[in-house]
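Enquirer: Following this message is one structure expressed as structure tokens.
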Amino acid sequence: MTKKTFNVTGMTCAACSARVEKSVSKTSGVDKVSVNLLTNSMEVIYDENTLTPKEIISAVEKAGYAAVVKGNKKKSASASQEENGSIFESEAKALKNRLIYSAIFLIPLFYISMGHMLGLPLPPFLHGKGNETAFAFTQFLLTVPIVFINISYFKNGFKNLCRLSPNMDSLIAIGSSAAIVYGIFAVYRIGWGYGHGDYETVAKYSMDLYFESAGTILTLITLGKLLESRAKRKTTDAISSLVRLQPKTAFVIRNGAVEEIPVENVQYGDTVSVKQGSTIPVDGVIVGGSCTVDASAITGESIPVEKNIGDKVTGATINTSGYIEIKATGIGEESTLSSIIRLVEEASASKAPVARAADKISGVFVPVVICIAVLAAFVWFILGKDLEFSLSIGIAVLVISCPCALGLATPTAIMTGTGRGAQMGILIKSAEALEKAGKTDTVVLDKTGTLTEGKPKVTDIIVLSGTEKELTDIAVSVERLSEHPLAKAIAEYGKEKGFSEKAVSNFKSYGGMGISAEAGGDFILAGNIRLMNTNGINSDSVKKITDRLASEGKTPLFFAKNGIMLGIIALADTVKESSKTAVRELFDMGIDVAMLTGDNKATADAIGKTCGIEKIESEVMPQDKEAYIRKLQDSGHKVTMVGDGINDAPALAKADTGVAIGAGTDIAVDSADVVLVRSDLNDVVRLIKLSRKTLKNIKENLFWALLYNSLGIPLAAGVFYGISGWKLNPMYGAAAMCVSSVCVVSNALRLRKYTPKLKYSVSENKNISDKHVNNDTALSEEEQIVKVENSMTKKVVIDGMMCTHCSGRVEKALNAVPGASASVDLESKTATVSGDVTDEAIINAVTEAGYTVLEIK
């Protein structure tokens with residue numbers, strides 16, 4: 001199956017989109033079709049072996065509309081978005097011109113028809129007995145230009161009426177035409193009255209002219225369309241804000257010279273130069289220089305990140321400091337930014353289950369309204385009311401019943417909600433996924449890379465003989481020669497903390513056990529307990545320590561020098577601090593949390609205990625995860641599965657909502673419904689809260705749209721006339737219709753500023769969890785243990801931080817202090833520092849960064 005998106009022109013209401021959808025869905029080879037009235041787009045999934053895009057376009061044309069295939073891989077994200085934006089702008093400009101020209105004729109028309117009732121002066125030839133013909137004919141002449149200015153309503157309306165698929169334009173055309181025809185009829189009656197001396201008839205019909213109603217209806221509808229168009233344009237602001245940062249040109253190095261070219265002309269493999277303060281134009285890999293990148297536009301993370309040679313960078317992010325040269329790897333619509341925009345547009349074009357009822361109503365709404373209008377007018381005429389009264393009833397029903405509000409209720413909220421999600425780094429692939437996420441009652445989490453960092457880190461250094469420095473120097477010197485992931489973690493630790501390198505020779509690797517080498521003239525063994533026992537080194541004395549480490553989910557590596565145990569370095573795939581707060585948030589929302597992992601039970605239990613998860617399934621295969629999800633669903637649960645999008649593919653596909661976390665720039669995870677750009681589990685909380693807020697907004701829109709029509713149609717039909725004397729003037733009906741559409745769009749726009757609130761901060765949770773994890777009560781007094789993360793914390797109040805760049809510099813400076821682990825909260829102007837760090841070291845670090853320490857608690 002192939003999926004393509006088309007731009008559809010000519011649609012004006014929900015009845016139009018329903019007509020297009022119905023026509024295309026009947027075409028052989030079409031699997032699924034979804035039409036979006038808001039963006040005038042259509043997404044079609046079809047069999048490319050039996051159907052072509054040209055045939056799909058033909059089906060749209062048979063329905064009375066026009067379509068073209070959307071998308072051009074050579075265009076940059078900004079170019080594509082500018083093209084989409086220009087459509088909105090040209091539409092708004094055309095409507096504005098129509099409104100101005102209509103008003104030029106409507107104002108004198110209204111003055112002539114209503115001025116004498118308000119006591120305003122009129123030219124003598126238009127007022128008084130004997131001037132009725134001039135009075136009526138002048139109004140007719142002023143109405144004709146308004147009709148031609150807004151002729152599109154009549155062309156589209158009657159064309160679709162003839163096709164037996166009436167739409168909003170049909171209602172406007174019928175209503176205004178009825179008023180104009182009645183006005184012309186009145187002119188003839190005035191002429192007949194003069195010819196036959198029947199001045200009573202002349203007086204009656206000179207007061208029953210409906211030209212001003214027709215002109216006002218057409219002008220008000222155009223005003224409503226203009227306001228609606230401008231409001232609809234704002235729903236794309238989330239996407240527009242993403243592309244505004246992307247430059248239109250790039251500096252490419254070719255043949256040793258730097259030349260400025262349009263960003264669309266950048267080719268794969270081109271070397272692009274990016275100076276400090278410039279925006280990175282395309283996705284790429286750094287091949288020269290280093291810099292700090294502000295990726296907030298893509299990921300929502302406000303703190304800049306350091307990038308060096310070999311690191312990937314994303315287009316539309318900002319180089320805040322340094323100079324880099326990158327090799328282009330993602331250009332045009334294949335860039336990360338364009339992919340994000342495409343996902344948002346596809347989600348906006350899709351239909352949420354909650355919208356299906358509205359679609360069904362929209363499909364029959366207009367014909368039903370026409371029948372109600374005709375029936376209401378006929379009933380009142382039969383009941384003895386004159387033609388003028390009966391006609392005004394019919395016209396009022398027609399103009400108040402436009403299904404615009406109903407058709408815009410869902411797509412405006414979906415567009416705004418998915419756009420807001422994209423701004424926060426939450427990429428929602430469909431409206432259905434957005435709706436289902438909000439109904440989640442159970443979240444199932446993968447461990448590696450989801451709850452944990454996904455790579456081992458040094459957690460404990462346990463000295464059994466000698467000093468910590470001796471153990472660290474030897475460990476790093478020998479392990480840096482190994483390719484094992486645990487060895488790389490120790491080497492990275494030594495690089496961060498600093499070590500004295502020893503000359504290493506006779507390096508040997510023992511599969512499944514460890515390594516041996518000579519370092520500084522000493523024979524070194526490094527590996528697991530089997531390696532120690534094989535070489536005659538007794539490990540009974542450290543069994544208590546190894547049991548404790550295993551219970552905490554840590555892997556111990558043993559180091560011996562010349563047959564004597566030096567110590568143990570423990571490593572673990574550490575839990576993300578955001579995971580701990582996210583689990584607490586989910587529990588507070590009434591959502592159950594479970595963990596699935598292929599890891600052993602001891603490690604799984606330790607990770608689960610750290611995060612506060614009680615439901616743990618360990619040593620499970622990918623297919624077992626899928627079965628677990630199915631079991632929960634069979635029990636009636638709505639399940640969201642969160643994983644890395646690779647090993648968890650079966651479970652992600654089976655879950656009601658599959659969420660791929662930490663995808664970075666790899667945002668095309670096929671098995672997931674939602675992709676989280678950041679490796680932050682709190683974004684799952686934000687996703688669910690955003691979904692619930694969007695669903696609430698959709699239901700509000702549908703409620704008010706249906707309530708408006710439920711009350712408006714009976715009022716216009718004169719149901720309350722016999723009870724209270726209420727009768728709706730057609731002009732007021734047209735104004736009410738405009739207001740309803742604008743209100744629905746405006747309500748959806750409130751989502752643009754929605755920010756899900758989290759109850760727990762990472763720093764707060766970190767302090768609690770560190771004290772829990774690093775509990776030393778199980779260790780005897782004689783054991784020397786040096787913790788990598790010390791439970792001692794200090795709260796530092798800092799003056800001078802004004803923005804996220806400031807907090808980022810302070811955090812970087814504090815984390816550079818040996819033994820310190822720090823996080824900075826810009827809002828409270830404080831830093832939380834963990835580790836064995838002196839107050840003097842903290843003050844010096846903050847001062848050197850350019851800020852002032854006010855207090856250390």
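Convention: chains lettered A, B, ... in structure tokens order; per-chain residue numbering from 1; ligands numbered from 1 as shown.
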Which residues are close to Lys225 in chain A, i.e. within 9 Å by only C-alpha atoms, leaving aside same-chain residues fewer than 2 positions away? Reply as a VMD selection string.
Expert: chain A and resid 92 95 220 to 223 227 to 230 738 741 to 742
Enquirer: Please identify which residues in range 511-607 of chain A DSSP calls helix (DSSP H, G or I) from the backbone, and express them as an MDAnalysis selection string.
Expert: chainID A and resid 529:534 540:551 577:588 601:607
Enquirer: Taking 6 positions as the minimum chain separation for residues in the same chain, which residues sit within 8 Å of Val69 in chain A when counting only C-alpha atoms? Answer as an MDAnalysis selection string.
Expert: chainID A and resid 4:7 53
Enquirer: One decimal, Å: what's the distance from CA of Arg420 in chain A over to CA of Glu432 in chain A, could you say?
Expert: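 Distance reported for this atom pair: 16.4 Å.
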Enquirer: With only C-alpha atoms as the counted atoms, please give the residues lying no more than 12 Å from Lys469 in chain A, apart from itself and same-chain residues fewer than 2 positions off, as a list in words.
Expert: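 What passes the distance filter is Ile461, Ile462, Val463, Ser465, Gly466, Thr467, Leu471, Thr472, Asp473, Ile474, Ala475, Val476, Ser477, Gly494, Lys497, Gly498, Phe499, Ser500, Glu501, Leu566, Gly567 and Val786 of chain A.
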Enquirer: Based on the selection just made, write all heavy atoms of those residues as a short mmCIF file (atom, residue, chain, number, x, y, z; two decimals), in the first residue's frame.
Expert:
data_model
loop_
_atom_site.label_atom_id
_atom_site.label_comp_id
_atom_site.auth_asym_id
_atom_site.auth_seq_id
_atom_site.Cartn_x
_atom_site.Cartn_y
_atom_site.Cartn_z
N ILE A 461 33.11 2.40 43.55
CA ILE A 461 34.52 1.98 43.57
C ILE A 461 34.80 1.47 44.98
O ILE A 461 34.73 2.23 45.95
CB ILE A 461 35.46 3.15 43.22
CG1 ILE A 461 35.19 3.64 41.80
CG2 ILE A 461 36.92 2.72 43.37
CD1 ILE A 461 36.02 4.82 41.38
N ILE A 462 35.10 0.18 45.09
CA ILE A 462 35.29 -0.47 46.39
C ILE A 462 36.77 -0.86 46.51
O ILE A 462 37.24 -1.72 45.77
CB ILE A 462 34.39 -1.69 46.54
CG1 ILE A 462 32.92 -1.27 46.33
CG2 ILE A 462 34.58 -2.36 47.89
CD1 ILE A 462 31.97 -2.41 46.25
N VAL A 463 37.47 -0.20 47.40
CA VAL A 463 38.90 -0.41 47.57
C VAL A 463 39.14 -1.48 48.64
O VAL A 463 38.69 -1.33 49.77
CB VAL A 463 39.61 0.90 47.97
CG1 VAL A 463 41.11 0.69 48.08
CG2 VAL A 463 39.30 2.00 46.96
N SER A 465 42.47 -3.09 48.72
CA SER A 465 43.90 -3.05 49.01
C SER A 465 44.51 -1.85 48.28
O SER A 465 44.17 -1.60 47.12
CB SER A 465 44.59 -4.34 48.56
OG SER A 465 45.98 -4.28 48.76
N GLY A 466 45.34 -1.11 48.96
CA GLY A 466 45.92 0.07 48.34
C GLY A 466 45.01 1.27 48.45
O GLY A 466 44.25 1.41 49.40
N THR A 467 45.05 2.14 47.41
CA THR A 467 44.27 3.39 47.43
C THR A 467 43.30 3.44 46.26
O THR A 467 43.43 2.69 45.28
CB THR A 467 45.20 4.60 47.36
OG1 THR A 467 45.86 4.60 46.08
CG2 THR A 467 46.24 4.58 48.48
N LEU A 471 43.84 2.01 42.30
CA LEU A 471 42.85 1.13 41.67
C LEU A 471 42.32 1.75 40.37
O LEU A 471 42.24 1.09 39.34
CB LEU A 471 41.69 0.86 42.65
CG LEU A 471 40.48 0.12 42.08
CD1 LEU A 471 40.88 -1.25 41.55
CD2 LEU A 471 39.39 0.00 43.14
N THR A 472 41.98 3.05 40.44
CA THR A 472 41.43 3.72 39.26
C THR A 472 42.45 3.81 38.13
O THR A 472 42.13 3.53 36.97
CB THR A 472 40.96 5.14 39.63
OG1 THR A 472 40.02 5.06 40.71
CG2 THR A 472 40.29 5.81 38.45
N ASP A 473 43.69 4.15 38.46
CA ASP A 473 44.72 4.29 37.43
C ASP A 473 44.97 2.97 36.71
O ASP A 473 45.07 2.91 35.48
CB ASP A 473 46.03 4.80 38.05
CG ASP A 473 45.95 6.26 38.47
OD1 ASP A 473 44.97 6.92 38.07
OD2 ASP A 473 46.84 6.72 39.19
N ILE A 474 45.07 1.90 37.48
CA ILE A 474 45.30 0.58 36.88
C ILE A 474 44.11 0.14 36.04
O ILE A 474 44.26 -0.36 34.91
CB ILE A 474 45.63 -0.46 37.99
CG1 ILE A 474 47.01 -0.19 38.57
CG2 ILE A 474 45.53 -1.88 37.44
CD1 ILE A 474 47.37 -1.07 39.75
N ALA A 475 42.91 0.31 36.59
CA ALA A 475 41.69 -0.13 35.90
C ALA A 475 41.53 0.57 34.56
O ALA A 475 41.28 -0.05 33.53
CB ALA A 475 40.48 0.11 36.79
N VAL A 476 41.69 1.88 34.57
CA VAL A 476 41.50 2.65 33.34
C VAL A 476 42.60 2.34 32.33
O VAL A 476 42.33 2.22 31.12
CB VAL A 476 41.46 4.16 33.65
CG1 VAL A 476 41.36 4.97 32.36
CG2 VAL A 476 40.29 4.49 34.56
N SER A 477 43.84 2.17 32.80
CA SER A 477 44.96 1.91 31.90
C SER A 477 44.78 0.61 31.12
O SER A 477 45.07 0.55 29.91
CB SER A 477 46.27 1.86 32.70
OG SER A 477 46.56 3.12 33.27
N GLY A 494 37.42 7.27 33.66
CA GLY A 494 38.77 7.76 33.89
C GLY A 494 39.05 9.04 33.14
O GLY A 494 39.72 9.95 33.64
N LYS A 497 37.25 11.90 35.09
CA LYS A 497 37.78 12.22 36.41
C LYS A 497 39.29 12.51 36.40
O LYS A 497 39.80 13.11 37.34
CB LYS A 497 37.50 11.06 37.38
CG LYS A 497 36.01 10.77 37.56
CD LYS A 497 35.28 11.97 38.14
CE LYS A 497 33.81 11.67 38.35
NZ LYS A 497 33.07 12.84 38.87
N GLY A 498 39.95 12.07 35.35
CA GLY A 498 41.40 12.25 35.29
C GLY A 498 42.12 11.08 35.92
O GLY A 498 41.73 10.61 37.00
N PHE A 499 43.17 10.57 35.27
CA PHE A 499 43.93 9.43 35.81
C PHE A 499 45.35 9.49 35.30
O PHE A 499 45.67 10.17 34.32
CB PHE A 499 43.27 8.11 35.39
CG PHE A 499 43.48 7.75 33.95
CD1 PHE A 499 44.43 6.80 33.58
CD2 PHE A 499 42.75 8.37 32.94
CE1 PHE A 499 44.63 6.48 32.25
CE2 PHE A 499 42.95 8.05 31.61
CZ PHE A 499 43.89 7.10 31.26
N SER A 500 46.22 8.78 36.00
CA SER A 500 47.64 8.69 35.60
C SER A 500 47.82 7.43 34.78
O SER A 500 47.68 6.31 35.29
CB SER A 500 48.53 8.65 36.85
OG SER A 500 48.37 9.82 37.62
N GLU A 501 48.12 7.62 33.49
CA GLU A 501 48.22 6.48 32.59
C GLU A 501 49.47 5.67 32.87
O GLU A 501 50.56 6.21 33.07
CB GLU A 501 48.22 6.97 31.14
CG GLU A 501 48.22 5.84 30.13
CD GLU A 501 48.15 6.36 28.71
OE1 GLU A 501 47.98 7.58 28.53
OE2 GLU A 501 48.28 5.54 27.79
N LEU A 566 42.87 -5.96 44.45
CA LEU A 566 42.95 -4.52 44.69
C LEU A 566 41.59 -3.93 45.07
O LEU A 566 41.48 -3.08 45.95
CB LEU A 566 43.46 -3.80 43.44
CG LEU A 566 44.96 -3.81 43.17
CD1 LEU A 566 45.24 -3.10 41.86
CD2 LEU A 566 45.72 -3.16 44.30
N GLY A 567 40.56 -4.38 44.38
CA GLY A 567 39.24 -3.83 44.65
C GLY A 567 38.23 -4.18 43.58
O GLY A 567 38.49 -5.00 42.69
N VAL A 786 34.07 3.98 48.12
CA VAL A 786 34.03 5.35 47.60
C VAL A 786 32.89 5.43 46.60
O VAL A 786 32.93 4.77 45.57
CB VAL A 786 35.36 5.72 46.91
CG1 VAL A 786 35.30 7.16 46.40
CG2 VAL A 786 36.52 5.52 47.86
#
Enquirer: Hey, what's within 7 Å of range 370-372 of chain A if we count only C-alpha atoms and toss same-chain stuff fewer than 4 positions away? As a list in words, please?
Expert: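 The filter keeps Val366, Ala376 and Leu398 of chain A.
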Enquirer: Could you give me, as a list in words, the residues within 6 Å of range 443-455 of chain A, counting only C-alpha atoms and dropping anything in the same chain fewer than 3 positions from it?
Expert: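 What passes the distance filter is Asp573, Thr574, Val575, Lys576, Ser579, Val593, Ala594, Met595, Leu596, Thr597, Val639, Thr640, Met641, Val642 and Gly643 of chain A.
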Enquirer: Just to be explicit: take each residue in the selection above, keep C-alpha atoms, and write the result as a short mmCIF file (atom, residue, chain, number, x, y, z; two decimals), in the first residue's frame.
Expert:
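And here is the file that came out, result12.cif:
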data_model
loop_
_atom_site.label_atom_id
_atom_site.label_comp_id
_atom_site.auth_asym_id
_atom_site.auth_seq_id
_atom_site.Cartn_x
_atom_site.Cartn_y
_atom_site.Cartn_z
CA ASP A 573 22.86 0.89 33.39
CA THR A 574 21.75 3.79 35.56
CA VAL A 575 18.15 4.90 35.87
CA LYS A 576 17.28 8.25 34.31
CA SER A 579 12.07 8.04 34.84
CA VAL A 593 2.68 1.14 35.52
CA ALA A 594 4.45 -2.10 34.64
CA MET A 595 7.98 -2.92 33.44
CA LEU A 596 8.96 -5.53 30.85
CA THR A 597 12.60 -6.46 30.28
CA VAL A 639 -2.44 0.14 27.13
CA THR A 640 0.36 2.50 26.15
CA MET A 641 3.64 0.69 25.48
CA VAL A 642 6.86 2.71 25.74
CA GLY A 643 10.06 1.34 24.23
#
Enquirer: Which residues come within 9 Å of Glu21 in chain A, counting only C-alpha atoms, excluding same-chain residues fewer than 2 positions away, as an MDAnalysis selection string?
Expert: chainID A and resid 16:19 23:26 33:35 42 60
Enquirer: So how far away is CA of Val272 in chain A from CA of Ala295 in chain A, in Å?
Expert: 18.1 Å
Enquirer: I'd like the interatomic distance between CA of Asn506 in chain A and CA of Ala560 in chain A, to a tenth of an Å.
Expert: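 These atoms are spaced 15.8 Å apart.
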Enquirer: Which residues of range 269-315 of chain A come within 7 Å of range 319-340 of chain A, and what is each one's closest atom pair and distance in Å (one decimal), counting only C-alpha atoms, sorted by chain and residue number, as a Markdown table?
Expert:
| residue | atom | partner | partner_atom | distance |
| --- | --- | --- | --- | --- |
| A:Gly269 | CA | A:Ala328 | CA | 5.1 |
| A:Asp270 | CA | A:Ala328 | CA | 5.4 |
| A:Thr271 | CA | A:Lys327 | CA | 4.6 |
| A:Val272 | CA | A:Ile326 | CA | 5.2 |
| A:Ser273 | CA | A:Glu325 | CA | 4.6 |
| A:Val274 | CA | A:Ile324 | CA | 5.5 |
| A:Lys275 | CA | A:Tyr323 | CA | 4.9 |
| A:Gln276 | CA | A:Ser321 | CA | 4.9 |
| A:Gly277 | CA | A:Thr320 | CA | 5.0 |
| A:Ser278 | CA | A:Asn319 | CA | 5.6 |
| A:Thr279 | CA | A:Asn319 | CA | 6.0 |
| A:Ile280 | CA | A:Asn319 | CA | 6.7 |
| A:Val282 | CA | A:Ile331 | CA | 5.8 |
| A:Asp283 | CA | A:Gly330 | CA | 4.6 |
| A:Gly284 | CA | A:Ala328 | CA | 4.3 |
| A:Val285 | CA | A:Ile326 | CA | 5.2 |
| A:Ile286 | CA | A:Ile326 | CA | 4.3 |
| A:Val287 | CA | A:Ile326 | CA | 5.3 |
| A:Gly288 | CA | A:Glu325 | CA | 4.9 |
| A:Gly289 | CA | A:Ile324 | CA | 4.5 |
| A:Ser290 | CA | A:Ile324 | CA | 5.5 |
| A:Cys291 | CA | A:Gly322 | CA | 4.3 |
| A:Thr292 | CA | A:Ser321 | CA | 5.3 |
| A:Val293 | CA | A:Asn319 | CA | 4.8 |
| A:Asp294 | CA | A:Thr320 | CA | 6.4 |
| A:Thr314 | CA | A:Thr336 | CA | 6.8 |
| A:Gly315 | CA | A:Leu337 | CA | 6.7 |
Enquirer: Among range 411-641 of chain A, which ones does DSSP place in strand (DSSP E), written as an MDAnalysis selection string?
Expert: chainID A and resid 426:428 442:446 457:463 504:510 514:519 522:527 555:561 564:572 592:596 615:617 639:641
Enquirer: Give the answer as one residue: which of A:Arg342, A:Lys727, A:Lys436, A:His127 has the shortest atom-to-atom distance to Gly419 in chain A, using only C-alpha atoms?
Expert: A:Arg342
